file target.txt (compact mmCIF, C-alpha atoms and all ligand atoms)
# COMPACT_ATOMS: atom_id res chain seq x y z
CA MET A 1 85.08 140.34 95.25
CA LYS A 2 88.52 141.21 94.03
CA ILE A 3 90.77 138.56 92.48
CA GLN A 4 94.40 139.17 91.58
CA VAL A 5 96.19 137.02 89.02
CA ILE A 6 99.93 136.91 89.75
CA ILE A 7 102.37 136.24 86.91
CA GLY A 8 105.05 134.07 88.54
CA SER A 9 107.83 134.47 85.99
CA VAL A 10 109.89 137.52 85.03
CA ARG A 11 111.87 136.01 82.14
CA PRO A 12 111.87 138.18 78.98
CA ASN A 13 110.25 135.43 76.86
CA ARG A 14 108.13 133.95 79.65
CA PHE A 15 105.15 131.75 78.94
CA ALA A 16 103.47 132.66 82.25
CA GLU A 17 101.84 135.86 81.03
CA LYS A 18 99.82 134.03 78.37
CA PRO A 19 97.76 131.80 80.70
CA ALA A 20 97.66 134.66 83.22
CA GLN A 21 96.00 136.98 80.68
CA TRP A 22 93.70 134.19 79.55
CA ILE A 23 92.49 133.21 83.05
CA ALA A 24 91.98 136.88 83.91
CA GLU A 25 89.65 137.16 80.90
CA GLU A 26 87.82 133.95 81.88
CA ALA A 27 87.39 135.18 85.45
CA ARG A 28 86.09 138.56 84.24
CA LYS A 29 83.17 136.70 82.60
CA ARG A 30 81.96 135.81 86.11
CA GLU A 31 79.53 138.28 87.61
CA GLY A 32 80.72 140.00 90.76
CA LEU A 33 84.44 139.51 90.17
CA ASP A 34 86.84 142.41 89.82
CA VAL A 35 89.99 140.89 88.30
CA GLU A 36 93.44 142.45 88.20
CA LEU A 37 96.63 141.12 86.64
CA LEU A 38 99.77 141.58 88.75
CA ASP A 39 103.22 141.40 87.18
CA LEU A 40 106.17 140.68 89.46
CA ARG A 41 108.30 142.71 87.04
CA ASP A 42 106.50 145.77 88.42
CA TYR A 43 107.62 144.85 91.96
CA PRO A 44 111.39 144.29 91.79
CA MET A 45 111.83 143.30 95.43
CA PRO A 46 115.29 142.43 96.77
CA PHE A 47 115.94 138.89 97.94
CA PHE A 48 114.32 138.59 101.33
CA ALA A 49 116.93 139.46 103.97
CA GLU A 50 115.08 141.19 106.80
CA SER A 51 116.07 140.70 110.44
CA MET A 52 112.45 140.03 111.41
CA ALA A 53 109.88 137.63 109.99
CA PRO A 54 107.12 139.47 108.08
CA ALA A 55 104.56 137.70 110.28
CA ARG A 56 105.87 139.88 113.15
CA MET A 57 106.30 143.18 111.26
CA GLN A 58 102.65 144.25 111.73
CA GLY A 59 102.47 145.27 108.09
CA LYS A 60 105.35 147.76 108.37
CA TYR A 61 107.82 146.90 105.64
CA PRO A 62 111.11 148.86 105.47
CA ASN A 63 111.60 148.37 101.73
CA GLU A 64 109.39 150.71 99.65
CA VAL A 65 108.77 148.20 96.83
CA VAL A 66 107.75 145.57 99.39
CA ALA A 67 105.45 148.12 101.03
CA GLN A 68 103.85 148.80 97.62
CA TRP A 69 103.48 145.05 97.03
CA ALA A 70 101.85 144.65 100.46
CA ARG A 71 99.38 147.46 99.76
CA LYS A 72 98.48 145.90 96.43
CA ILE A 73 98.02 142.38 97.86
CA THR A 74 95.84 143.73 100.68
CA GLU A 75 93.30 144.89 98.09
CA ALA A 76 92.34 141.37 96.98
CA ASP A 77 90.02 138.73 98.42
CA GLY A 78 91.49 135.84 96.46
CA TYR A 79 94.38 134.99 94.14
CA ILE A 80 95.34 132.98 91.11
CA MET A 81 99.06 132.27 90.93
CA VAL A 82 100.57 131.27 87.60
CA SER A 83 103.88 129.53 88.15
CA PRO A 84 106.48 127.89 85.97
CA GLU A 85 108.21 124.70 87.07
CA TYR A 86 111.96 125.18 87.35
CA ASN A 87 113.87 122.03 88.32
CA HIS A 88 110.71 120.50 89.79
CA GLY A 89 109.99 123.51 91.98
CA TYR A 90 108.12 126.79 91.53
CA SER A 91 109.89 130.01 90.64
CA ALA A 92 112.23 131.75 93.09
CA VAL A 93 110.75 135.14 92.21
CA LEU A 94 107.32 133.94 93.31
CA LYS A 95 108.68 132.51 96.59
CA ASN A 96 110.41 135.80 97.30
CA ALA A 97 107.17 137.70 96.69
CA LEU A 98 105.30 135.30 98.98
CA ASP A 99 107.88 135.48 101.80
CA HIS A 100 108.20 139.27 101.94
CA ILE A 101 104.74 139.86 103.41
CA TYR A 102 102.40 137.85 105.63
CA PRO A 103 99.09 139.14 107.05
CA GLU A 104 98.09 140.38 103.58
CA TRP A 105 97.79 136.72 102.45
CA ASN A 106 96.00 135.39 105.53
CA ARG A 107 92.56 133.78 105.36
CA LYS A 108 92.26 134.17 101.60
CA PRO A 109 91.93 131.48 98.92
CA VAL A 110 94.40 130.78 96.14
CA GLY A 111 94.19 128.71 92.97
CA PHE A 112 97.23 127.67 90.92
CA ILE A 113 98.04 127.35 87.23
CA GLY A 114 101.11 125.41 86.11
CA TYR A 115 102.62 124.07 82.92
CA GLY A 116 105.46 121.87 81.73
CA GLY A 117 106.23 118.15 81.52
CA VAL A 118 103.62 117.17 84.12
CA GLY A 119 101.55 120.33 83.85
CA GLY A 120 103.60 121.99 86.56
CA ALA A 121 102.17 119.51 89.11
CA ARG A 122 105.37 119.29 91.18
CA ALA A 123 105.64 123.06 91.49
CA ILE A 124 101.97 123.42 92.38
CA GLU A 125 102.08 120.72 95.06
CA GLN A 126 104.94 122.64 96.70
CA LEU A 127 103.01 125.90 96.45
CA ARG A 128 100.05 124.34 98.27
CA LEU A 129 102.24 123.63 101.31
CA VAL A 130 103.64 127.16 101.33
CA ALA A 131 100.14 128.64 100.98
CA ILE A 132 98.99 126.81 104.11
CA GLU A 133 101.87 128.29 106.09
CA LEU A 134 100.77 131.73 104.85
CA GLU A 135 97.33 130.95 106.34
CA MET A 136 95.81 130.78 102.90
CA ALA A 137 93.24 128.30 101.62
CA PRO A 138 94.59 126.57 98.49
CA ILE A 139 91.62 125.34 96.45
CA ARG A 140 91.57 121.72 95.33
CA PRO A 141 91.31 122.17 91.54
CA ALA A 142 94.37 123.47 89.73
CA LEU A 143 94.90 124.12 86.04
CA HIS A 144 97.73 121.93 84.75
CA ILE A 145 98.61 122.90 81.19
CA PRO A 146 100.07 119.87 79.35
CA THR A 147 102.85 120.24 76.80
CA ASP A 148 100.61 119.93 73.71
CA VAL A 149 98.38 122.74 74.98
CA TYR A 150 101.49 124.74 75.97
CA SER A 151 102.75 124.40 72.37
CA ALA A 152 99.36 125.32 70.90
CA ILE A 153 99.22 128.45 73.08
CA THR A 154 102.82 129.39 72.24
CA SER A 155 102.17 129.09 68.51
CA GLY A 156 98.97 131.14 68.82
CA LYS A 157 96.58 128.40 67.67
CA PRO A 158 92.92 129.42 67.86
CA ASP A 159 91.06 127.54 70.59
CA ALA A 160 94.35 126.51 72.19
CA TYR A 161 92.74 126.69 75.63
CA ALA A 162 89.70 124.55 74.66
CA PRO A 163 91.03 121.34 76.34
CA LEU A 164 91.13 123.23 79.66
CA LYS A 165 87.53 124.44 79.45
CA ALA A 166 85.78 121.98 81.82
CA ASN A 167 88.52 122.22 84.46
CA THR A 168 88.51 125.99 84.18
CA GLU A 169 84.84 126.18 85.11
CA ARG A 170 85.40 123.91 88.15
CA PHE A 171 88.48 125.93 89.10
CA LEU A 172 86.61 129.26 88.96
CA ASP A 173 83.54 127.81 90.71
CA GLN A 174 85.71 126.75 93.63
CA LEU A 175 87.69 129.96 93.73
CA VAL A 176 84.52 132.07 93.76
CA TRP A 177 82.95 129.91 96.50
CA TRP A 178 85.99 130.13 98.78
CA THR A 179 86.49 133.81 98.04
CA ARG A 180 82.92 134.60 99.04
CA ALA A 181 83.02 132.33 102.11
CA LEU A 182 86.30 133.69 103.46
CA LYS A 183 85.47 137.32 102.68
CA THR A 184 82.23 136.94 104.63
CA ALA A 185 84.06 135.27 107.52
CA ARG A 186 86.79 137.95 107.57
CA GLU A 187 84.16 140.67 107.64
CA GLN A 188 82.46 138.98 110.61
CA GLY A 189 85.74 139.25 112.51
CA GLY A 190 86.82 137.09 115.42
CA LYS A 191 89.86 134.87 115.82
C1 LIG B 201 115.79 126.77 84.87
C2 LIG B 201 114.68 125.99 84.21
C3 LIG B 201 114.29 124.78 84.74
C4 LIG B 201 113.24 124.08 84.19
N1 LIG B 201 112.80 122.94 84.80
C5 LIG B 201 111.64 122.36 84.39
C6 LIG B 201 111.06 121.31 85.16
O1 LIG B 201 111.56 120.89 86.16
N2 LIG B 201 109.91 120.78 84.72
C7 LIG B 201 109.27 121.22 83.58
O2 LIG B 201 108.21 120.73 83.25
N3 LIG B 201 109.82 122.23 82.84
C8 LIG B 201 110.96 122.81 83.23
N4 LIG B 201 111.51 123.84 82.51
C9 LIG B 201 110.83 124.28 81.27
C10 LIG B 201 109.78 125.32 81.63
O3 LIG B 201 108.57 124.67 81.96
C11 LIG B 201 109.53 126.27 80.47
O4 LIG B 201 110.75 126.88 80.09
C12 LIG B 201 108.53 127.34 80.83
O5 LIG B 201 108.27 128.15 79.70
C13 LIG B 201 109.06 128.22 81.98
O6 LIG B 201 108.10 129.16 82.39
P1 LIG B 201 108.20 130.71 81.99
O7 LIG B 201 108.41 130.75 80.50
O8 LIG B 201 106.85 131.26 82.36
O9 LIG B 201 109.32 131.29 82.76
C14 LIG B 201 112.59 124.57 83.04
C15 LIG B 201 113.01 125.77 82.47
C16 LIG B 201 114.03 126.49 83.07
C17 LIG B 201 114.41 127.84 82.49
call {"tool": "encode", "arguments": {"input": "target.txt", "output": "structure tokens"}}
result
Amino acid sequence: MKIQVIIGSVRPNRFAEKPAQWIAEEARKREGLDVELLDLRDYPMPFFAESMAPARMQGKYPNEVVAQWARKITEADGYIMVSPEYNHGYSAVLKNALDHIYPEWNRKPVGFIGYGGVGGARAIEQLRLVAIELEMAPIRPALHIPTDVYSAITSGKPDAYAPLKANTERFLDQLVWWTRALKTAREQGGK
């Protein structure tokens, strides 16, 4: 089962890459998971401005970077999205990456990691709604990194992630379960 971890910030001094690298390592400890880190900096897509909705494009994307992004996303069976909270919403760069393609996301699970004043909860709740419209299955547990843990991670404290340990196991348990279930169902075919 292939899991992709998407870094949802492209700022030069972004925090997002830290928990993204960490969760990728945690997920790699699970047997049977092939985990890849995806950086939106590597996919500098234009702001979405196509005449047709990606749901109707049948996977044919005119922009070459978008086509590369689509091919990459197709490879995975499940996703972890790490998003900042900007003005109580998730990042625009992540929304753009979500909107550009469609069937590649369908019938696959996604788990979210957020951080900030309320652990990114407002951004993640919005992402859940968007995921449903992309025909994804957002898993119930999310990893909300509180400000004290954010500061400990930023200052490189050893064991900074320790307070997240129990939730991380539940998060990965659920992601693995849904990834296996939906992969099996997709392979069986049908509507
Ligand atoms: C434009 C902007 C808006 C922000 N709004 C919020 C917010 O609504 N809630 C919050 O908890 N933090 C907010 N912050 C602080 C971010 O959580 C913090 O800067 C975080 O590191 C951003 O993620 P990134 O470093 O991965 O880009 C905001 C930061 C920026 C740059």
call {"tool": "residues_near_ligand", "arguments": {"input": "target.txt", "ligand": "ligand LIG 201 (chain B)", "cutoff": "9 Å", "atoms": "all atoms listed in the file", "output": "NGL selection string"}}
result
:A and (7-18 or 82-91 or 114-123 or 147 or 150)
call {"tool": "atom_distance", "arguments": {"input": "target.txt", "atom1": "atom CA of A:Val130", "atom2": "atom CA of A:Pro19"}}
result
21.9 Å
call {"tool": "residues_around", "arguments": {"input": "target.txt", "residues": "A:Phe48", "least_positions_apart": "3", "cutoff": "12 Å", "atoms": "all atoms listed in the file", "output": "MDAnalysis selection string"}}
result
chainID A and resid 44:45 51:54 61:63 65:66 92:101
call {"tool": "axis_aligned_box", "arguments": {"input": "target.txt", "around": "stretch 96-114 of chain A", "padding_each_side": "4 Å", "output": "AutoDock Vina command-line options"}}
result
--center_x 101.2 --center_y 132.9 --center_z 96.6 --size_x 26.5 --size_y 23.0 --size_z 28.9
call {"tool": "atom_distance", "arguments": {"input": "target.txt", "atom1": "atom CA of A:Glu104", "atom2": "atom CA of A:Arg56"}}
result
12.3 Å
call {"tool": "residues_around", "arguments": {"input": "target.txt", "residues": "A:Asn106", "least_positions_apart": "6", "cutoff": "8 Å", "atoms": "all atoms listed in the file", "output": "PyMOL selection string"}}
result
chain A and resi 134-136
call {"tool": "residues_around", "arguments": {"input": "target.txt", "residues": "stretch 177-182 of chain A", "least_positions_apart": "6", "cutoff": "10 Å", "atoms": "only C-alpha atoms", "output": "ChimeraX atom specification"}}
result
/A:1-3,33,76-79,107-110,136-139,188
call {"tool": "atom_distance", "arguments": {"input": "target.txt", "atom1": "atom CA of A:Lys157", "atom2": "atom CA of A:His144"}}
result
18.3 Å
call {"tool": "closest_residue", "arguments": {"input": "target.txt", "among": "A:Ala70, A:Met81, A:Leu127, A:Ile145", "to": "A:Trp105", "atoms": "all atoms listed in the file"}}
result
A:Ala70
call {"tool": "closest_residue", "arguments": {"input": "target.txt", "among": "A:Val176, A:Leu129, A:Val5, A:Ala142", "to": "A:Glu36", "atoms": "only C-alpha atoms"}}
result
A:Val5
call {"tool": "closest_residue", "arguments": {"input": "target.txt", "among": "A:Tyr102, A:Ile73, A:Pro141, A:Tyr161", "to": "A:Lys60", "atoms": "all atoms listed in the file"}}
result
A:Tyr102
call {"tool": "closest_residue", "arguments": {"input": "target.txt", "among": "A:Ile80, A:Ala185, A:Val35, A:Thr74", "to": "A:Gly59", "atoms": "only C-alpha atoms"}}
result
A:Thr74
call {"tool": "closest_residue", "arguments": {"input": "target.txt", "among": "A:Ile124, A:Ala27, A:Ala67, A:Ala49", "to": "A:Leu175", "atoms": "only C-alpha atoms"}}
result
A:Ala27
call {"tool": "closest_residue", "arguments": {"input": "target.txt", "among": "A:Gly111, A:Gly32, A:Pro46, A:Pro103", "to": "A:Ala20", "atoms": "all atoms listed in the file"}}
result
A:Gly111
